[in-house]
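K.L.:
A single structure is presented below for examination.
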Amino acid sequence: MRVLGLETSCDETGVALYDSEAGLLAHRLYSQVELHAEYGGVVPELASRDHVRKTLPLINELLAETGFSKQDIDAVAYTAGPGLAGALMVGSCIGRALAYGWGVPAIGVHHMEGHLLAPMLEDEPPEYPFVALLVSGGHTQLVQVEAIGEYILLGESLDDAAGEAFDKVAKMLDLDYPGGPRVAALAEQGDKERFTFPRPMVDRPGLDFSFSGLKTYTLNTVAKHALEDGLPDDQTCADIACAFQEAVVDTLVIKCRRAIEQTGFKTLVIAGGVSANTRLRERLEEALAKKGAKVFYARHEFCTDNGAMIAFAGCQRLVAGQEEALGIKVRPRWPLDTLEPLV
């Protein structure tokens, strides 16, 4: 089965073509970073309009590159949620319309299931069962994964997601959008010994997260060391970024280690935009190696939103006989553990 995948949940337009036998054939991605940079964050209405402009041209580019035509497409998969309602509507309308016009089945894909399954696109994919750390701008969750669609939520953020906290700290330090990678880059120049930030909720049992208090602690530290222009000096900014990143990474590592101990699994998958953080990968690999566990993650280009993960996830469900009834339904909020397992 050859599946066209569409991703339009937020500020990136992704399209991909996945074949159930040949694997990923090609993918295209258009980022709206420049569009939203002047606002310091995503403007939902602008994001939706840009998806309208970019999705069909990207599909045409993809088909031209692969040499396939619409007659060669067996099904369409599109992101149905969670995400920005308007952005989801664009991808869902286009995906559903194309499938109807081509006379092929369509399926709405859960965005976070796409992220969770992105490492399956690698040459050495993880085997089930495993623990998944889904960590992005909108989500921080630990999930027990028995198989596709068989998910048990072990813990999640009670307030800000880790990626959201990174973005907010970037604004405190007057860094450009997108903030997460900017904070990580600045942290490399920082002194790990100068500041020690709290590791939230690690002194109590359980696998839930909280990053709002750490965000406030960071804000107070910035204010304490601010100069006349409202910011600390460059080195202090780097030291603060470093201390913040270390606190987030330590917290995630501690909770992942607990999840591995609790489940008895020997495999951890990290997925989502923050999974591209080099420091997080290093620390997780080091910590879990001591437990005899292995860490898997997607290549950097598939950590952020992309069409390949949606095409793959959709293909697995379509091959199992699942598809959407005619109509358009998006789910801006959609708990991962409510998904149906594959039959």
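Quick note on naming: the chains in the structure tokens go A, B, ... in the order shown, residues restart at 1 in each chain, and ligands are numbered from 1 in order of appearance.
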Name all residues at most 10 Å from Val295 (chain A) (count only C-alpha atoms; drop same-chain ones fewer than 4 positions away) and give them as a list in words.
P.N.:
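The residues satisfying every condition are Pro126, Phe130, Val131, Ala132, Lys266, Thr267, Leu268, Val269, Ile270, Arg281, Glu282, Leu284, Glu285, Glu286, Ala287, Leu288 and Ala289 of chain A.
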K.L.:
Would you mind listing what lies within 9 Å of Pro119 (chain A) as a list of chain:residue names, with only C-alpha atoms counted and same-chain residues fewer than 3 positions away left out?
P.N.:
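The contact residues come out as A:His115, A:Leu116, A:Glu122, A:Asp123, A:Glu124, A:Pro125, A:Pro126, A:Val269, A:Ile270, A:Ala271, A:Phe296, A:Tyr297, A:Ala298, A:Arg299, A:Phe302, A:Cys303, A:Met309.
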K.L.:
Counting only C-alpha atoms, what are the residues of region 44-68 of chain A within 12 Å of region 32-39 of chain A, and for each of them which pair of atoms is the nearest and at what distance in Å, to one decimal? Sort the table by chain and rising number, as CSV.
P.N.:
residue,atom,partner,partner_atom,distance
A:Pro44,CA,A:His36,CA,9.6
A:Glu45,CA,A:His36,CA,10.8
A:Leu46,CA,A:Leu35,CA,8.0
A:Ala47,CA,A:Gln32,CA,7.4
A:Ser48,CA,A:Gln32,CA,10.5
A:Arg49,CA,A:Gln32,CA,10.9
A:Asp50,CA,A:Gln32,CA,7.8
A:His51,CA,A:Gln32,CA,9.2
A:Arg53,CA,A:Gln32,CA,11.6
A:Lys54,CA,A:Gln32,CA,10.2
K.L.:
Take the residues from that selection and write them out as a tab-separated table (two decimals), in the first residue's frame, keeping N, CA and C atoms.
P.N.:
chain	number	residue	atom	x	y	z
A	44	PRO	N	-1.76	31.35	15.18
A	44	PRO	CA	-2.58	30.29	14.58
A	44	PRO	C	-3.20	30.64	13.23
A	45	GLU	N	-3.76	31.83	13.10
A	45	GLU	CA	-4.41	32.20	11.84
A	45	GLU	C	-3.41	32.25	10.69
A	46	LEU	N	-2.23	32.81	10.95
A	46	LEU	CA	-1.20	32.85	9.91
A	46	LEU	C	-0.73	31.45	9.55
A	47	ALA	N	-0.62	30.59	10.55
A	47	ALA	CA	-0.21	29.20	10.29
A	47	ALA	C	-1.21	28.52	9.37
A	48	SER	N	-2.50	28.68	9.65
A	48	SER	CA	-3.53	28.04	8.84
A	48	SER	C	-3.48	28.52	7.39
A	49	ARG	N	-3.35	29.83	7.22
A	49	ARG	CA	-3.31	30.39	5.87
A	49	ARG	C	-2.10	29.87	5.09
A	50	ASP	N	-0.98	29.73	5.78
A	50	ASP	CA	0.22	29.27	5.09
A	50	ASP	C	0.10	27.80	4.69
A	51	HIS	N	-0.57	26.99	5.51
A	51	HIS	CA	-0.82	25.61	5.13
A	51	HIS	C	-1.67	25.55	3.86
A	53	ARG	N	-1.67	27.66	1.48
A	53	ARG	CA	-0.82	28.03	0.33
A	53	ARG	C	0.19	26.94	-0.04
A	54	LYS	N	0.69	26.21	0.95
A	54	LYS	CA	1.85	25.36	0.72
A	54	LYS	C	1.54	23.87	0.51
K.L.:
Which residues are close to region 184-195 of chain A, i.e. within 12 Å by only C-alpha atoms, leaving aside same-chain residues fewer than 6 positions away? Reply as a compact mmCIF listing (two decimals) with C-alpha atoms, in the first residue's frame.
P.N.:
# COMPACT_ATOMS: atom_id res chain seq x y z
CA GLY A 163 9.51 22.35 25.05
CA PHE A 166 12.43 26.07 26.74
CA ASP A 167 10.60 28.56 24.51
CA VAL A 169 13.11 30.80 28.84
CA ALA A 170 14.33 31.83 25.39
CA LEU A 173 16.94 35.70 27.53
CA ASP A 174 15.83 37.65 24.44
CA LEU A 175 16.65 34.79 22.06
CA ASP A 176 15.09 34.45 18.63
CA PRO A 178 12.23 29.07 17.79
CA TYR A 217 12.97 30.21 39.16
CA THR A 218 14.74 30.97 35.88
CA THR A 221 17.49 34.45 38.35
CA VAL A 222 17.46 36.53 35.18
CA HIS A 225 21.43 39.44 37.56
CA ASP A 234 26.34 37.46 27.92
CA GLN A 235 28.21 34.93 30.05
CA THR A 236 25.56 35.00 32.76
CA CYS A 237 22.86 34.42 30.15
CA ALA A 238 24.81 31.38 28.94
CA ASP A 239 25.23 30.12 32.51
CA ILE A 240 21.49 30.50 33.15
CA ALA A 241 20.64 28.67 29.93
CA CYS A 242 23.03 25.90 30.93
CA ALA A 243 21.56 25.58 34.44
CA PHE A 244 18.01 25.52 33.06
CA GLN A 245 18.81 22.87 30.46
CA GLU A 246 20.62 20.71 33.03
CA ALA A 247 17.59 20.90 35.33
CA VAL A 248 15.18 19.86 32.57
CA VAL A 249 17.44 17.07 31.33
CA VAL A 274 12.95 18.15 22.29
CA SER A 275 14.27 14.64 21.51
CA ALA A 276 16.69 16.38 19.13
CA ASN A 277 18.43 17.92 22.17
CA THR A 278 21.95 16.48 22.15
CA ARG A 279 22.45 16.84 25.90
CA LEU A 280 19.23 14.92 26.59
K.L.:
Using only C-alpha atoms, which residues sit within 8 Å of region 72-85 of chain A once same-chain residues fewer than 3 positions away are excluded, as a VMD selection string?
P.N.:
chain A and resid 1 to 10 44 68 to 69 88 to 89 91 to 92 95 to 96 98 to 99 104 to 112 310 to 311 314 to 315 318 329 to 334
K.L.:
Could you work out how far CA of Ala325 (chain A) lies from CA of Leu63 (chain A), giving the answer in Å with one decimal?
P.N.:
26.0 Å
K.L.:
Pick from A:Asp250, A:Glu228, A:Glu21, A:Glu301: nearest to Met201 (chain A), with only C-alpha atoms counted?
P.N.:
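Result for the nearest residue to Met201 (chain A): A:Asp250.
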K.L.:
Taking into account only C-alpha atoms, which residue in the set A:Leu231, A:Ala165, A:Ala320, A:Leu62 is nearest to Tyr18 (chain A)?
P.N.:
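Among A:Leu231, A:Ala165, A:Ala320, A:Leu62, it is A:Leu62 that comes nearest to Tyr18 (chain A).
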K.L.:
Please compute the CA of Ser31 (chain A)-CA of Gly137 (chain A) distance, one decimal, in Å.
P.N.:
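Calculated distance between CA of Ser31 (chain A) and CA of Gly137 (chain A) is 15.5 Å.
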K.L.:
Which distance in Å separates CA of Asn220 (chain A) and CA of Leu158 (chain A), to one decimal?
P.N.:
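According to the coordinates, CA of Asn220 (chain A) and CA of Leu158 (chain A) are separated by 21.3 Å.
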K.L.:
Can you tell me, as number ranges by chain, which residues in region 106-288 of chain A count as strand (DSSP E) by DSSP?
P.N.:
A: 106-110, 130-135, 140-147, 150-156, 267-271
K.L.:
Can you write out the residues you just picked, keeping C-alpha atoms, as a PDB file, in the first residue's frame?
P.N.:
ATOM      1  CA  ALA A 106      -8.310   8.058   4.198  1.00  0.00           C
ATOM      2  CA  ILE A 107      -7.444   8.056   7.882  1.00  0.00           C
ATOM      3  CA  GLY A 108      -6.881  10.739  10.501  1.00  0.00           C
ATOM      4  CA  VAL A 109      -3.654  10.166  12.441  1.00  0.00           C
ATOM      5  CA  HIS A 110      -2.873  11.107  16.028  1.00  0.00           C
ATOM      6  CA  PHE A 130       8.987  -0.170  25.176  1.00  0.00           C
ATOM      7  CA  VAL A 131       8.646   3.005  27.220  1.00  0.00           C
ATOM      8  CA  ALA A 132       8.220   6.180  25.173  1.00  0.00           C
ATOM      9  CA  LEU A 133       9.137   9.688  26.298  1.00  0.00           C
ATOM     10  CA  LEU A 134       7.131  12.099  24.158  1.00  0.00           C
ATOM     11  CA  VAL A 135       8.663  15.505  24.687  1.00  0.00           C
ATOM     12  CA  THR A 140       5.701  15.825  27.950  1.00  0.00           C
ATOM     13  CA  GLN A 141       4.478  12.278  28.535  1.00  0.00           C
ATOM     14  CA  LEU A 142       5.792   8.868  29.521  1.00  0.00           C
ATOM     15  CA  VAL A 143       3.873   6.084  27.814  1.00  0.00           C
ATOM     16  CA  GLN A 144       4.014   2.318  28.135  1.00  0.00           C
ATOM     17  CA  VAL A 145       3.802   0.952  24.590  1.00  0.00           C
ATOM     18  CA  GLU A 146       2.847  -2.694  24.139  1.00  0.00           C
ATOM     19  CA  ALA A 147       2.104  -2.345  20.409  1.00  0.00           C
ATOM     20  CA  GLU A 150      -1.847  -0.234  22.968  1.00  0.00           C
ATOM     21  CA  TYR A 151      -0.759   2.661  25.143  1.00  0.00           C
ATOM     22  CA  ILE A 152      -0.799   3.194  28.901  1.00  0.00           C
ATOM     23  CA  LEU A 153      -0.099   6.719  30.126  1.00  0.00           C
ATOM     24  CA  LEU A 154       2.452   6.513  32.936  1.00  0.00           C
ATOM     25  CA  GLY A 155       2.959  10.217  33.584  1.00  0.00           C
ATOM     26  CA  GLU A 156       2.646  13.644  32.030  1.00  0.00           C
ATOM     27  CA  THR A 267      13.957  -0.115  25.620  1.00  0.00           C
ATOM     28  CA  LEU A 268      13.234   3.605  25.758  1.00  0.00           C
ATOM     29  CA  VAL A 269      12.057   5.609  22.742  1.00  0.00           C
ATOM     30  CA  ILE A 270      12.303   9.401  22.871  1.00  0.00           C
ATOM     31  CA  ALA A 271      10.339  11.380  20.309  1.00  0.00           C
TER      32      ALA A 271
END
K.L.:
So which one's closest to Leu117 (chain A), A:Lys168, A:Gly272, A:Leu339, A:Ile254? Using only C-alpha atoms, please.
P.N.:
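Residue with the minimum atom-to-atom distance to Leu117 (chain A): A:Gly272.
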K.L.:
Write out as a VMD selection string all residues of region 141-285 of chain A that DSSP puts in alpha helix (DSSP H) for this structure's backbone.
P.N.:
chain A and resid 162 to 172 179 to 187 212 to 224 234 to 263 278 to 285
